[in-house]
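For reference, protein_18.cif is printed below; it contains mmCIF, C-alpha atoms.
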data_protein
loop_
_atom_site.label_atom_id
_atom_site.label_comp_id
_atom_site.auth_asym_id
_atom_site.auth_seq_id
_atom_site.Cartn_x
_atom_site.Cartn_y
_atom_site.Cartn_z
CA GLY A 1 88.44 -49.56 -95.91
CA LYS A 2 92.18 -49.49 -96.27
CA LYS A 3 94.23 -51.77 -94.03
CA TYR A 4 97.21 -50.28 -92.22
CA PRO A 5 100.00 -52.53 -90.94
CA ARG A 6 101.17 -51.78 -87.41
CA GLY A 7 103.58 -48.85 -87.42
CA GLU A 8 102.52 -47.45 -90.79
CA LYS A 9 101.40 -43.82 -90.63
CA VAL A 10 97.87 -42.93 -91.71
CA ASP A 11 97.58 -41.12 -95.04
CA THR A 12 95.99 -37.77 -94.19
CA SER A 13 95.03 -37.08 -97.81
CA LEU A 14 92.08 -39.39 -97.15
CA ILE A 15 90.91 -37.36 -94.14
CA GLY A 16 88.78 -34.23 -94.28
CA SER A 17 88.75 -33.32 -90.58
CA ILE A 18 89.10 -34.88 -87.14
CA ARG A 19 86.92 -34.06 -84.14
CA MET A 20 87.57 -35.78 -80.88
CA GLY A 21 87.16 -35.66 -77.14
CA THR A 22 89.44 -37.07 -74.50
CA THR A 23 89.28 -38.13 -70.85
CA VAL A 24 93.03 -37.66 -70.33
CA ALA A 25 92.55 -34.48 -68.27
CA THR A 26 89.60 -35.93 -66.35
CA ASN A 27 91.55 -39.01 -65.30
CA ALA A 28 94.72 -37.06 -64.51
CA LEU A 29 92.77 -34.78 -62.19
CA LEU A 30 90.86 -37.60 -60.48
CA GLU A 31 93.99 -39.66 -59.97
CA ARG A 32 96.28 -36.65 -59.30
CA GLU A 33 98.65 -37.63 -62.11
CA GLY A 34 99.19 -34.22 -63.67
CA GLU A 35 102.52 -32.48 -64.19
CA ARG A 36 104.61 -31.41 -61.19
CA MET A 37 103.93 -27.71 -60.85
CA GLY A 38 104.72 -24.63 -58.84
CA LEU A 39 102.63 -21.58 -58.01
CA VAL A 40 103.97 -18.04 -58.52
CA ILE A 41 101.87 -15.51 -56.60
CA THR A 42 101.97 -11.99 -55.14
CA LYS A 43 104.06 -11.79 -51.97
CA GLY A 44 102.03 -12.27 -48.81
CA PHE A 45 99.45 -14.58 -50.42
CA LYS A 46 101.28 -17.91 -50.63
CA ASP A 47 98.55 -19.68 -48.62
CA LEU A 48 95.61 -18.05 -50.39
CA LEU A 49 94.59 -21.04 -52.51
CA GLN A 50 95.21 -23.42 -49.63
CA ILE A 51 92.85 -21.39 -47.42
CA ASN A 52 90.42 -21.27 -50.36
CA ASN A 53 86.94 -19.81 -49.74
CA GLN A 54 86.13 -21.97 -46.68
CA THR A 55 83.20 -23.69 -48.39
CA ARG A 56 82.23 -26.99 -46.72
CA SER A 57 80.23 -29.73 -48.40
CA ASP A 58 78.72 -30.52 -44.98
CA ILE A 59 78.86 -27.56 -42.62
CA PHE A 60 78.35 -29.71 -39.49
CA ASP A 61 80.98 -32.33 -40.37
CA LEU A 62 83.84 -31.73 -37.92
CA THR A 63 86.08 -34.26 -39.68
CA CYS A 64 85.92 -32.78 -43.19
CA LYS A 65 89.28 -32.20 -44.86
CA ALA A 66 90.22 -29.67 -47.48
CA PRO A 67 91.33 -31.23 -50.79
CA LYS A 68 95.00 -31.02 -51.59
CA VAL A 69 96.12 -28.24 -53.89
CA LEU A 70 97.66 -29.12 -57.26
CA TYR A 71 100.96 -27.28 -56.83
CA GLU A 72 103.96 -28.56 -54.86
CA GLU A 73 105.95 -25.38 -54.31
CA VAL A 74 105.16 -21.66 -54.01
CA VAL A 75 107.23 -18.66 -55.08
CA GLU A 76 106.19 -15.25 -53.80
CA VAL A 77 106.95 -12.22 -55.98
CA GLU A 78 107.22 -8.66 -54.68
CA GLU A 79 104.77 -6.94 -57.00
CA ARG A 80 101.72 -4.83 -56.33
CA VAL A 81 99.44 -2.38 -58.07
CA MET A 82 96.50 -0.44 -56.71
CA LEU A 83 93.41 0.89 -58.42
CA ALA A 84 93.81 4.63 -58.76
CA GLU A 85 90.12 5.40 -58.24
CA PHE A 86 90.29 4.46 -54.55
CA PHE A 87 92.99 7.03 -53.94
CA ASP A 88 92.04 9.71 -56.47
CA GLU A 89 88.39 9.97 -55.44
CA GLY A 90 87.60 13.52 -54.31
CA LYS A 91 90.99 14.89 -55.36
CA SER A 92 91.40 17.68 -57.88
CA GLU A 93 93.07 17.24 -61.26
CA ALA A 94 95.97 19.40 -60.04
CA THR A 95 96.53 17.17 -57.00
CA ILE A 96 96.48 14.03 -59.12
CA ASP A 97 98.95 15.58 -61.57
CA LEU A 98 101.19 16.41 -58.63
CA LEU A 99 101.01 12.85 -57.33
CA GLU A 100 102.06 11.55 -60.73
CA THR A 101 105.17 13.73 -60.87
CA GLN A 102 106.37 14.09 -57.26
CA SER A 103 108.08 11.42 -55.19
CA SER A 104 106.21 12.12 -51.94
CA LYS A 105 103.02 13.77 -50.69
CA GLU A 106 101.62 14.53 -47.23
CA ASP A 107 98.13 13.16 -47.88
CA VAL A 108 99.60 9.75 -48.78
CA GLN A 109 100.31 9.10 -45.09
CA GLN A 110 96.91 10.45 -44.15
CA ASN A 111 95.03 8.05 -46.43
CA VAL A 112 97.03 4.82 -46.47
CA SER A 113 98.87 3.36 -43.48
CA SER A 114 102.54 2.68 -44.24
CA ARG A 115 102.45 -0.61 -42.31
CA TYR A 116 100.76 -2.31 -45.26
CA TYR A 117 103.69 -1.60 -47.56
CA ASN A 118 107.35 -2.53 -47.72
CA SER A 119 109.67 0.37 -46.95
CA SER A 120 111.31 0.03 -50.36
CA TRP A 121 108.03 0.59 -52.22
CA PRO A 122 106.91 4.01 -53.48
CA LYS A 123 104.34 5.67 -51.27
CA ALA A 124 100.82 4.52 -52.10
CA GLY A 125 99.04 6.88 -54.42
CA VAL A 126 102.23 8.43 -55.78
CA GLY A 127 103.18 7.44 -59.29
CA LYS A 128 102.08 7.32 -62.89
CA ARG A 129 98.46 6.39 -63.57
CA ILE A 130 98.31 3.63 -66.18
CA LYS A 131 95.17 2.62 -68.03
CA GLY A 132 94.51 -1.10 -67.61
CA VAL A 133 92.81 -3.53 -69.97
CA THR A 134 89.42 -2.89 -68.34
CA GLY A 135 89.71 0.88 -68.75
CA GLU A 136 90.41 1.39 -65.05
CA LYS A 137 93.56 3.27 -64.07
CA VAL A 138 96.15 1.60 -61.83
CA ILE A 139 99.24 2.77 -59.96
CA PRO A 140 102.16 0.31 -59.92
CA LEU A 141 103.49 0.23 -56.35
CA CYS A 142 106.21 -2.35 -56.83
CA SER A 143 107.52 -4.04 -59.98
CA PRO A 144 109.01 -7.56 -59.99
CA ASP A 145 112.79 -7.83 -59.69
CA PRO A 146 113.97 -9.92 -62.69
CA ASP A 147 117.10 -11.20 -60.96
CA ALA A 148 115.21 -12.29 -57.84
CA ILE A 149 112.56 -13.97 -59.99
CA ARG A 150 115.16 -15.85 -62.00
CA ARG A 151 116.77 -17.18 -58.81
CA SER A 152 113.42 -18.26 -57.38
CA LEU A 153 112.36 -20.00 -60.58
CA GLN A 154 115.70 -21.76 -60.84
CA SER A 155 115.15 -23.18 -57.35
CA LEU A 156 111.85 -24.65 -58.58
CA ALA A 157 113.51 -26.13 -61.65
CA ASP A 158 116.22 -27.68 -59.46
CA LYS A 159 113.47 -29.48 -57.50
CA GLY A 160 112.04 -31.02 -60.67
CA ILE A 161 109.12 -28.63 -61.16
CA LYS A 162 108.22 -28.57 -64.87
CA SER A 163 105.09 -26.43 -64.95
CA LEU A 164 104.22 -22.98 -63.59
CA ALA A 165 100.94 -21.27 -62.69
CA ILE A 166 101.41 -17.50 -62.36
CA VAL A 167 98.68 -15.50 -60.61
CA PHE A 168 98.96 -11.92 -59.34
CA LEU A 169 96.23 -10.08 -57.48
CA HIS A 170 95.31 -7.46 -60.07
CA SER A 171 96.49 -9.08 -63.29
CA TYR A 172 92.93 -9.06 -64.60
CA VAL A 173 93.28 -5.29 -65.08
CA TYR A 174 97.09 -4.93 -65.28
CA PRO A 175 98.72 -8.10 -66.68
CA ASP A 176 102.20 -6.61 -67.32
CA HIS A 177 103.75 -8.14 -64.20
CA GLU A 178 102.50 -11.62 -65.07
CA ILE A 179 103.77 -11.21 -68.61
CA LEU A 180 107.19 -10.14 -67.32
CA VAL A 181 107.53 -13.18 -65.05
CA GLY A 182 106.22 -15.45 -67.81
CA ASP A 183 108.81 -14.12 -70.27
CA ILE A 184 111.60 -14.68 -67.75
CA ALA A 185 110.42 -18.26 -67.19
CA LYS A 186 110.31 -18.92 -70.95
CA SER A 187 113.83 -17.57 -71.42
CA MET A 188 115.16 -20.07 -68.86
CA ASN A 189 114.01 -23.08 -70.96
CA CYS A 190 113.32 -25.07 -67.79
CA PHE A 191 109.54 -25.37 -67.90
CA THR A 192 107.24 -27.26 -70.27
CA GLU A 193 104.14 -25.21 -69.39
CA ILE A 194 103.75 -21.62 -68.20
CA SER A 195 100.15 -20.58 -67.54
CA LEU A 196 99.25 -16.95 -66.83
CA SER A 197 96.01 -16.33 -64.95
CA HIS A 198 94.95 -13.30 -67.03
CA GLU A 199 95.16 -15.44 -70.18
CA VAL A 200 93.46 -18.53 -68.76
CA MET A 201 90.56 -16.76 -67.00
CA SER A 202 90.64 -12.98 -66.74
CA MET A 203 88.33 -12.40 -63.79
CA VAL A 204 88.42 -10.20 -60.70
CA LYS A 205 88.30 -12.87 -57.98
CA VAL A 206 91.82 -14.14 -57.41
CA VAL A 207 90.95 -17.41 -55.61
CA PRO A 208 88.91 -19.03 -58.42
CA ARG A 209 91.28 -17.47 -60.97
CA GLY A 210 94.19 -19.05 -59.12
CA HIS A 211 92.57 -22.48 -58.99
CA THR A 212 91.71 -22.32 -62.69
CA VAL A 213 95.22 -21.37 -63.79
CA SER A 214 96.57 -24.11 -61.50
CA ALA A 215 94.37 -26.64 -63.28
CA ALA A 216 95.63 -25.36 -66.64
CA ALA A 217 99.28 -25.67 -65.61
CA TYR A 218 98.70 -29.09 -64.02
CA LEU A 219 96.77 -30.66 -66.90
CA THR A 220 97.96 -28.99 -70.12
CA PRO A 221 101.27 -30.92 -70.23
CA LYS A 222 99.27 -34.17 -70.09
CA ILE A 223 97.17 -32.97 -73.03
CA THR A 224 100.34 -32.02 -74.92
CA GLU A 225 101.84 -35.45 -74.22
CA TYR A 226 98.66 -37.15 -75.39
CA LEU A 227 98.57 -35.07 -78.59
CA ALA A 228 102.20 -35.89 -79.35
CA GLY A 229 101.41 -39.60 -79.19
CA PHE A 230 98.24 -39.17 -81.23
CA THR A 231 99.88 -37.19 -84.07
CA LYS A 232 102.71 -39.73 -84.42
CA GLY A 233 100.25 -42.09 -86.05
CA PHE A 234 99.70 -39.77 -89.03
CA ASP A 235 101.90 -38.48 -91.82
CA SER A 236 103.22 -34.91 -91.88
CA GLY A 237 100.06 -33.55 -93.49
CA LEU A 238 97.99 -33.86 -90.30
CA MET A 239 98.74 -30.43 -88.85
CA LYS A 240 99.00 -28.78 -92.27
CA ASN A 241 96.04 -30.04 -94.29
CA VAL A 242 93.61 -31.59 -91.81
CA ARG A 243 91.50 -29.59 -89.40
CA LEU A 244 91.94 -31.11 -85.94
CA ASP A 245 89.40 -29.97 -83.35
CA PHE A 246 88.93 -31.05 -79.76
CA MET A 247 85.77 -31.09 -77.72
CA LYS A 248 85.86 -28.62 -74.83
CA SER A 249 84.08 -29.09 -71.53
CA ASP A 250 81.29 -26.78 -72.70
CA GLY A 251 80.41 -29.04 -75.65
CA GLY A 252 82.01 -26.77 -78.25
CA LEU A 253 84.97 -27.45 -80.50
CA THR A 254 88.31 -25.66 -80.48
CA PRO A 255 91.43 -25.93 -82.68
CA VAL A 256 94.10 -28.18 -81.21
CA ASN A 257 96.49 -25.24 -80.68
CA ASP A 258 93.98 -23.52 -78.36
CA PHE A 259 93.13 -26.59 -76.30
CA GLY A 260 94.19 -26.14 -72.66
CA GLY A 261 93.97 -28.39 -69.63
CA HIS A 262 91.29 -26.35 -67.86
CA GLN A 263 89.07 -26.68 -70.96
CA ALA A 264 89.57 -30.44 -71.14
CA ILE A 265 88.43 -31.62 -67.71
CA LEU A 266 85.08 -32.77 -69.11
CA SER A 267 86.08 -33.06 -72.77
CA GLY A 268 85.21 -36.74 -73.15
CA PRO A 269 82.01 -36.62 -71.04
CA ALA A 270 80.88 -33.50 -72.92
CA GLY A 271 81.15 -35.45 -76.18
CA GLY A 272 78.87 -38.08 -74.68
CA VAL A 273 76.26 -35.46 -73.75
CA VAL A 274 76.31 -33.92 -77.23
CA GLY A 275 76.08 -37.39 -78.74
CA TYR A 276 73.07 -38.62 -76.80
CA ALA A 277 71.39 -35.22 -77.14
CA LYS A 278 71.50 -35.70 -80.91
CA THR A 279 70.54 -39.38 -80.98
CA SER A 280 68.36 -40.12 -77.95
CA TYR A 281 66.36 -36.97 -77.30
CA ARG A 282 62.92 -36.92 -78.84
CA THR A 283 59.62 -35.21 -78.36
CA SER A 284 57.06 -37.15 -76.38
CA LEU A 285 53.82 -38.15 -78.06
CA GLU A 286 51.97 -36.82 -75.03
CA LYS A 287 50.57 -33.31 -75.09
CA ASP A 288 49.88 -30.88 -72.29
CA GLU A 289 46.67 -28.89 -71.66
CA SER A 290 47.50 -26.37 -74.40
CA ASN A 291 47.84 -29.21 -76.91
CA THR A 292 51.60 -28.63 -77.12
CA THR A 293 53.85 -31.62 -77.47
CA LYS A 294 55.90 -32.18 -74.31
CA PRO A 295 59.61 -32.96 -74.53
CA LEU A 296 60.95 -36.17 -73.06
CA PRO A 297 64.17 -35.47 -71.09
CA VAL A 298 67.07 -37.89 -71.31
CA ILE A 299 69.43 -38.93 -68.52
CA GLY A 300 72.98 -39.81 -69.47
CA PHE A 301 74.98 -42.42 -67.55
CA ASP A 302 78.52 -42.73 -68.90
CA MET A 303 80.74 -45.25 -67.10
CA GLY A 304 84.32 -45.69 -68.24
CA GLY A 305 87.26 -47.45 -66.69
CA THR A 306 88.13 -44.66 -64.26
CA SER A 307 85.08 -42.46 -63.74
CA THR A 308 81.32 -42.28 -64.10
CA ASP A 309 79.59 -39.22 -65.53
CA VAL A 310 75.90 -38.42 -65.06
CA SER A 311 74.00 -35.70 -66.92
CA ARG A 312 70.57 -34.67 -68.15
CA TYR A 313 69.31 -33.18 -71.42
CA ASP A 314 65.85 -31.66 -71.86
CA GLY A 315 66.24 -29.87 -75.17
CA THR A 316 68.95 -27.38 -74.17
CA LEU A 317 72.53 -27.91 -73.10
CA GLU A 318 72.81 -26.71 -69.51
CA LEU A 319 76.01 -24.78 -68.78
CA VAL A 320 77.59 -23.97 -65.45
CA PHE A 321 80.44 -21.49 -65.05
CA GLU A 322 81.97 -22.76 -61.83
CA THR A 323 82.40 -26.45 -61.18
CA GLU A 324 84.28 -28.59 -58.71
CA THR A 325 85.90 -31.80 -59.89
CA ALA A 326 87.96 -33.93 -57.53
CA GLY A 327 87.97 -31.08 -55.02
CA ILE A 328 89.33 -28.52 -57.53
CA SER A 329 87.16 -25.53 -58.40
CA VAL A 330 87.45 -24.38 -62.02
CA GLN A 331 86.01 -21.20 -63.50
CA ALA A 332 85.24 -22.08 -67.10
CA PRO A 333 82.05 -22.79 -69.05
CA GLN A 334 81.20 -26.47 -68.72
CA LEU A 335 78.23 -28.70 -69.37
CA ASP A 336 76.42 -29.60 -66.16
CA ILE A 337 77.96 -33.06 -65.69
CA HIS A 338 78.53 -34.76 -62.35
CA THR A 339 81.65 -36.93 -62.24
CA VAL A 340 82.71 -39.42 -59.60
CA ALA A 341 85.98 -41.34 -59.43
CA ALA A 342 84.38 -44.78 -59.75
CA GLY A 343 84.35 -46.59 -63.08
CA GLY A 344 84.29 -50.09 -64.49
CA GLY A 345 87.93 -50.57 -63.61
CA SER A 346 87.68 -49.26 -60.05
CA ARG A 347 88.08 -51.51 -57.04
CA LEU A 348 86.76 -51.04 -53.52
CA PHE A 349 89.07 -52.01 -50.63
#
Will you turn the file into structure tokens for me?
Amino acid sequence: GKKYPRGEKVDTSLIGSIRMGTTVATNALLEREGERMGLVITKGFKDLLQINNQTRSDIFDLTCKAPKVLYEEVVEVEERVMLAEFFDEGKSEATIDLLETQSSKEDVQQNVSSRYYNSSWPKAGVGKRIKGVTGEKVIPLCSPDPDAIRRSLQSLADKGIKSLAIVFLHSYVYPDHEILVGDIAKSMNCFTEISLSHEVMSMVKVVPRGHTVSAAAYLTPKITEYLAGFTKGFDSGLMKNVRLDFMKSDGGLTPVNDFGGHQAILSGPAGGVVGYAKTSYRTSLEKDESNTTKPLPVIGFDMGGTSTDVSRYDGTLELVFETETAGISVQAPQLDIHTVAAGGGSRLF
């Protein structure tokens, strides 16, 4: 092979493609060394992710503690939409048309208590019906105030927050409010990462969606920093002429531009599973009663300097769609790998 003196960039004309996995996100999550981040959420729900879903690893353990959330600060945004079907059910077309054009209606007060809504909001059920991305119709009750948002985000930037996770209750069906806040944040040029929940994981349940987008905002800057250091070792042809793919947590490959922090939590360990599945798995010589050759499952034990990853392969890659790593629940397809924060470089005090 060709020798490269220290500091000389690698000639990419000799490279066809690069496929790699990384434990940067895994280690950053285990050691809580991600980017400083803030959470932007619908007003009234600032503690939602802190409360979580109340799941306990040991239901009778009175001393159990909830893991710390990834964000440092919270900004609440006055925004709200409602699903039109809950209000329009049983109403005639004429009534619905009237609700879309008039500013008030008697049956609004009969169906929805005003105590749930700010006095400055339009009455619930009154307003234009808008078709969301799922095909369901929604009624915007309150739109974000750009000036108020800009002031709130500036306060985060002044505190040193560099990354944002934006999650609104119904953004899975109506993402316009998240997009608006995201665009305002981008225009301020204060934040290195802005993650929108409907882009990261468009699902109904806001708690797991919120945790997943938090993981993306917390870890993606570390991935970006790692990639910047990695690409410096190559000439300018790396991003132009060489296909650079990264291993995702589900064992698949993705182009470097689509590689986010929430996809990278088990990137390195997933590469190990795919590797030993290809090299170590074999069919047993034994046969069962039907004279069919039985497979011989393989157990993977992958100890690095920071963590240890354990997995099993029996002929198919087992996927899970909700995992908890270092106390953080993430909704994303991942190989069924169990990770603990104890590796070859760990010390016990």
- Message: Which residues, named as in the file, does the PyMOL selection byres ((chain A and resi 169-182) around 9) pick out? Answer as a count of residues only.
- Response: 44
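The residue that comes closest to Glu73 in chain A, out of A:Lys162, A:Met188, A:Val340, A:Glu324 and on the basis of all atoms listed in the file, is A:Lys162.
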- Item | Given all atoms listed in the file as the counted atoms, nearest of A:Ile139, A:Ala341, A:Val256, A:Cys64 to Phe230 in chain A |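 Of A:Ile139, A:Ala341, A:Val256, A:Cys64, the one nearest Phe230 in chain A is A:Val256, counting all atoms listed in the file.
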- Apply the PyMOL selection byres ((chain A and resi 27) around 12) to the structure shown and report the selected residues as a ChimeraX atom specification. /A:22-26,28-34,219,222-223,261,264-269,304-309,325-326,339-343
- Counting all atoms listed in the file, the option among A:Val213, A:Gly127, A:Ala66, A:Glu225 closest to Ala84 in chain A: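 Closest to Ala84 in chain A of all the choices is A:Gly127.
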